[in-house]
Amino acid sequence: TAIRTSDNGFLIVGTIINYSPIISNDIYLIKLDSLCDTLWTKMVGDIGSEQILSAQQTNDGGYIFAGNINMGAGYVDAYMLKADSLGMPMWAKAYGGTHSDYAYSVQQTFDGGFIMCGRKTTYTGGSGDINVYLIKTDGAGNVIWSKTYGTTDVDMGLFCHELSNGGYVVFGITFYNDNDLLMMRTDMNGDTLWTKTYG
């Protein structure tokens with residue numbers, strides 16, 4: 001993914017394969033100026049294998065990233081990483097249970113925290129085992145609340161956004177009654193106000 005930065009440059013976020021000590025994916029950052037000349041590059045990794053699917057520049061000039069991390073336990077967790085303006089990690093957090101959970105979108109909220117959405121595997125082998133996953137954190141990535149929403153089929157949240165009049169909107173996909181677009185509106189506590197499907 002790539003984002004426009006406040007200096008009229010760009011940040012490119014990708015994945016690089018690390019072969020030592022084991023094969024894993026690390027986060028690869030390339031900061032470009034307004035002429036697309038490289039200012040710096042950074043390889044950021046944990047002991048797991050990371051994949052970043054969403055990025056945003058934060059109010060402090062740094063960056064917030066969301067995706068997933070595989071710690072080698074047979075499942076992946078939703079993942080959030082905060083970096084400073086030079087791409088140096090400040091903190092990283094994993095979210096989820098003992099099944100595979102993914103984050104697809106992250107946004108800084110008006111209170112300085114973050115809202116992140118994706119999919120959460122709640123059970124294995126049953127209908128309705130994958131639900132929309134919405135997590136609200138403080139500015140250090142600590143969970144304030146987390147919610148799951150879904151039908152008796154597969155539901156995923158692909159993009160989340162805080163509204164200026166309060167609450168959040170989530171866009172995604174539901175496989176209930178065929179494959180439809182999903183739109184949800186919640187209040188500030190993540191409680192559902194309405195849900196719509198289109199398709």
# chains A, B, ... in the order shown; residues from 1 in each chain; ligands from 1
>>> residues_around(residues="range 36-52 of chain A", least_positions_apart="3", cutoff="10 Å", atoms="only C-alpha atoms", output="PDB file with C-alpha atoms, in the first residue's frame")
ATOM      1  CA  THR A   1       0.000   0.000   0.000  1.00  0.00           C
ATOM      2  CA  ASN A   8       3.604  16.081  -0.080  1.00  0.00           C
ATOM      3  CA  GLY A   9       5.694  12.950  -0.306  1.00  0.00           C
ATOM      4  CA  PHE A  10       4.683   9.320  -0.048  1.00  0.00           C
ATOM      5  CA  LEU A  11       5.198   6.291   2.170  1.00  0.00           C
ATOM      6  CA  ILE A  12       5.239   2.911   0.449  1.00  0.00           C
ATOM      7  CA  VAL A  13       4.492  -0.051   2.708  1.00  0.00           C
ATOM      8  CA  GLY A  14       5.305  -3.559   1.557  1.00  0.00           C
ATOM      9  CA  THR A  15       6.631  -6.924   2.623  1.00  0.00           C
ATOM     10  CA  ILE A  16      10.145  -8.298   2.458  1.00  0.00           C
ATOM     11  CA  ILE A  17      11.144 -11.919   3.016  1.00  0.00           C
ATOM     12  CA  ASN A  18      13.679 -12.404   5.803  1.00  0.00           C
ATOM     13  CA  PRO A  21      17.059 -17.077  11.473  1.00  0.00           C
ATOM     14  CA  ILE A  22      13.905 -18.531   9.857  1.00  0.00           C
ATOM     15  CA  ILE A  23      11.924 -17.603   6.749  1.00  0.00           C
ATOM     16  CA  SER A  24       9.422 -14.886   7.674  1.00  0.00           C
ATOM     17  CA  ASN A  25       7.861 -11.722   6.299  1.00  0.00           C
ATOM     18  CA  ASP A  26       8.927  -8.338   7.633  1.00  0.00           C
ATOM     19  CA  ILE A  27       7.508  -4.882   6.971  1.00  0.00           C
ATOM     20  CA  TYR A  28       9.385  -2.813   4.396  1.00  0.00           C
ATOM     21  CA  LEU A  29       8.961   0.983   4.416  1.00  0.00           C
ATOM     22  CA  ILE A  30      10.122   3.397   1.700  1.00  0.00           C
ATOM     23  CA  LYS A  31       9.753   7.139   2.322  1.00  0.00           C
ATOM     24  CA  LEU A  32       9.727   9.301  -0.801  1.00  0.00           C
ATOM     25  CA  ASP A  33       9.783  13.078  -1.164  1.00  0.00           C
ATOM     26  CA  ALA A  55      -1.477   2.597   6.880  1.00  0.00           C
ATOM     27  CA  PHE A  65      -0.102   0.305  10.470  1.00  0.00           C
ATOM     28  CA  ALA A  66      -2.547  -2.586  10.664  1.00  0.00           C
ATOM     29  CA  GLY A  67      -2.565  -6.099   9.288  1.00  0.00           C
ATOM     30  CA  ASN A  68      -1.782  -9.475  10.735  1.00  0.00           C
ATOM     31  CA  ILE A  69       1.056 -11.354  12.385  1.00  0.00           C
ATOM     32  CA  ASN A  70       1.808 -15.071  12.338  1.00  0.00           C
ATOM     33  CA  MET A  71       3.690 -16.184  15.427  1.00  0.00           C
ATOM     34  CA  GLY A  72       3.969 -19.774  14.183  1.00  0.00           C
ATOM     35  CA  ALA A  73       1.254 -21.155  16.465  1.00  0.00           C
ATOM     36  CA  VAL A  76      -2.600 -15.406  12.933  1.00  0.00           C
ATOM     37  CA  ASP A  77      -3.603 -12.389  15.015  1.00  0.00           C
ATOM     38  CA  ALA A  78      -4.752  -8.940  14.008  1.00  0.00           C
ATOM     39  CA  TYR A  79      -1.787  -6.598  14.360  1.00  0.00           C
ATOM     40  CA  MET A  80      -1.184  -2.883  14.918  1.00  0.00           C
ATOM     41  CA  LEU A  81       2.181  -1.132  14.775  1.00  0.00           C
ATOM     42  CA  ALA A  83       6.098   4.048  14.201  1.00  0.00           C
ATOM     43  CA  LEU A  86      11.428   7.969  10.548  1.00  0.00           C
ATOM     44  CA  GLY A  87       9.724   4.576  10.590  1.00  0.00           C
ATOM     45  CA  MET A  88      11.205   3.470  13.916  1.00  0.00           C
ATOM     46  CA  PRO A  89       8.754   1.249  15.864  1.00  0.00           C
ATOM     47  CA  ALA A  92       3.296  -3.118  18.411  1.00  0.00           C
ATOM     48  CA  TYR A 102      -7.137 -10.250  10.561  1.00  0.00           C
ATOM     49  CA  ALA A 103      -7.117  -6.439  10.428  1.00  0.00           C
ATOM     50  CA  TYR A 104      -7.800  -4.688   7.126  1.00  0.00           C
ATOM     51  CA  SER A 105      -8.189  -1.023   8.104  1.00  0.00           C
TER      52      SER A 105
END
>>> residues_around(residues="Gly118 in chain A", least_positions_apart="2", cutoff="9 Å", atoms="only C-alpha atoms", output="list in words")
Gly67, Ala78, Asp101, Tyr102, Ala103, Tyr104, Ser105, Met116, Lys120, Asn131, Val132, Tyr133, Leu134, Ile135, Met156, Gly157, Leu158, Phe159, Cys160 and Gly172 of chain A
>>> select_by_dssp(residues="chain A", states="strand (DSSP E)", output="number ranges by chain")
A: 2-4, 10-18, 24-32, 38-44, 49-57, 63-70, 76-83, 89-95, 101-108, 114-121, 130-137, 143-149, 155-162, 168-174, 180-186, 192-198
>>> write_last_selection(atoms="C-alpha atoms", output="compact mmCIF listing (two decimals), in the first residue's frame")
# COMPACT_ATOMS: atom_id res chain seq x y z
CA ALA A 2 1.05 3.63 -0.38
CA ILE A 3 -0.12 6.82 1.34
CA ARG A 4 0.38 10.53 0.76
CA PHE A 10 4.68 9.32 -0.05
CA LEU A 11 5.20 6.29 2.17
CA ILE A 12 5.24 2.91 0.45
CA VAL A 13 4.49 -0.05 2.71
CA GLY A 14 5.30 -3.56 1.56
CA THR A 15 6.63 -6.92 2.62
CA ILE A 16 10.15 -8.30 2.46
CA ILE A 17 11.14 -11.92 3.02
CA ASN A 18 13.68 -12.40 5.80
CA SER A 24 9.42 -14.89 7.67
CA ASN A 25 7.86 -11.72 6.30
CA ASP A 26 8.93 -8.34 7.63
CA ILE A 27 7.51 -4.88 6.97
CA TYR A 28 9.39 -2.81 4.40
CA LEU A 29 8.96 0.98 4.42
CA ILE A 30 10.12 3.40 1.70
CA LYS A 31 9.75 7.14 2.32
CA LEU A 32 9.73 9.30 -0.80
CA THR A 38 13.98 8.07 -1.68
CA LEU A 39 14.54 9.74 1.69
CA TRP A 40 14.90 6.57 3.73
CA THR A 41 14.05 2.89 3.81
CA LYS A 42 13.33 0.75 6.84
CA MET A 43 12.81 -2.94 7.48
CA VAL A 44 10.65 -3.50 10.56
CA SER A 49 5.76 -12.92 10.18
CA GLU A 50 3.92 -9.64 9.52
CA GLN A 51 1.69 -8.43 6.71
CA ILE A 52 0.50 -4.80 6.57
CA LEU A 53 -2.79 -4.03 4.81
CA SER A 54 -3.54 -0.49 6.03
CA ALA A 55 -1.48 2.60 6.88
CA GLN A 56 -2.12 6.18 7.93
CA GLN A 57 0.03 9.12 8.96
CA TYR A 63 2.52 6.30 11.21
CA ILE A 64 0.03 3.66 12.26
CA PHE A 65 -0.10 0.30 10.47
CA ALA A 66 -2.55 -2.59 10.66
CA GLY A 67 -2.57 -6.10 9.29
CA ASN A 68 -1.78 -9.47 10.74
CA ILE A 69 1.06 -11.35 12.38
CA ASN A 70 1.81 -15.07 12.34
CA VAL A 76 -2.60 -15.41 12.93
CA ASP A 77 -3.60 -12.39 15.02
CA ALA A 78 -4.75 -8.94 14.01
CA TYR A 79 -1.79 -6.60 14.36
CA MET A 80 -1.18 -2.88 14.92
CA LEU A 81 2.18 -1.13 14.77
CA LYS A 82 2.95 2.50 15.66
CA ALA A 83 6.10 4.05 14.20
CA PRO A 89 8.75 1.25 15.86
CA MET A 90 7.30 2.78 19.02
CA TRP A 91 5.01 -0.12 19.97
CA ALA A 92 3.30 -3.12 18.41
CA LYS A 93 0.24 -5.08 19.57
CA ALA A 94 -1.48 -8.29 18.53
CA TYR A 95 -5.23 -8.80 18.95
CA ASP A 101 -7.99 -12.95 13.10
CA TYR A 102 -7.14 -10.25 10.56
CA ALA A 103 -7.12 -6.44 10.43
CA TYR A 104 -7.80 -4.69 7.13
CA SER A 105 -8.19 -1.02 8.10
CA VAL A 106 -6.97 1.38 10.79
CA GLN A 107 -7.64 5.05 11.45
CA GLN A 108 -6.57 7.47 14.16
CA PHE A 114 -7.31 4.17 16.97
CA ILE A 115 -10.18 2.26 15.40
CA MET A 116 -9.34 -0.94 13.55
CA CYS A 117 -11.57 -3.41 11.71
CA GLY A 118 -11.19 -6.77 10.06
CA ARG A 119 -12.43 -10.29 10.62
CA LYS A 120 -12.47 -12.51 13.68
CA THR A 121 -12.75 -16.27 13.68
CA ILE A 130 -16.07 -15.50 10.75
CA ASN A 131 -17.45 -12.13 11.86
CA VAL A 132 -16.72 -8.43 11.43
CA TYR A 133 -14.13 -7.46 14.05
CA LEU A 134 -14.03 -3.86 15.36
CA ILE A 135 -11.46 -2.75 17.94
CA LYS A 136 -11.15 0.65 19.65
CA THR A 137 -7.84 1.36 21.35
CA VAL A 143 -8.00 -2.15 23.91
CA ILE A 144 -10.83 0.06 25.17
CA TRP A 145 -13.45 -2.23 23.64
CA SER A 146 -13.75 -4.82 20.91
CA LYS A 147 -16.89 -6.10 19.16
CA THR A 148 -17.84 -8.77 16.66
CA TYR A 149 -20.83 -8.56 14.33
CA ASP A 155 -18.76 -11.38 7.36
CA MET A 156 -15.70 -9.14 7.10
CA GLY A 157 -15.00 -5.46 7.80
CA LEU A 158 -12.67 -4.03 5.14
CA PHE A 159 -12.73 -0.30 5.99
CA CYS A 160 -13.68 1.69 9.10
CA HIS A 161 -14.04 5.41 9.63
CA GLU A 162 -14.89 7.66 12.57
CA TYR A 168 -18.18 4.72 13.36
CA VAL A 169 -19.07 3.37 9.96
CA VAL A 170 -17.77 0.02 8.72
CA PHE A 171 -17.77 -1.17 5.12
CA GLY A 172 -17.22 -4.80 4.24
CA ILE A 173 -18.56 -7.97 2.68
CA THR A 174 -21.13 -10.53 3.80
CA ASP A 180 -23.17 -8.61 -0.82
CA LEU A 181 -21.61 -5.35 0.21
CA LEU A 182 -22.05 -4.64 3.92
CA MET A 183 -22.36 -1.26 5.65
CA MET A 184 -22.73 -0.78 9.41
CA ARG A 185 -23.15 2.26 11.62
CA THR A 186 -22.24 2.08 15.31
CA THR A 192 -24.91 -1.25 16.27
CA LEU A 193 -27.27 1.51 15.17
CA TRP A 194 -28.08 -0.02 11.78
CA THR A 195 -26.82 -2.51 9.21
CA LYS A 196 -27.40 -2.48 5.46
CA THR A 197 -26.50 -4.85 2.64
CA TYR A 198 -26.30 -4.05 -1.05
>>> atom_distance(atom1="CA of Ser6 in chain A", atom2="CA of Gly141 in chain A")
22.9 Å
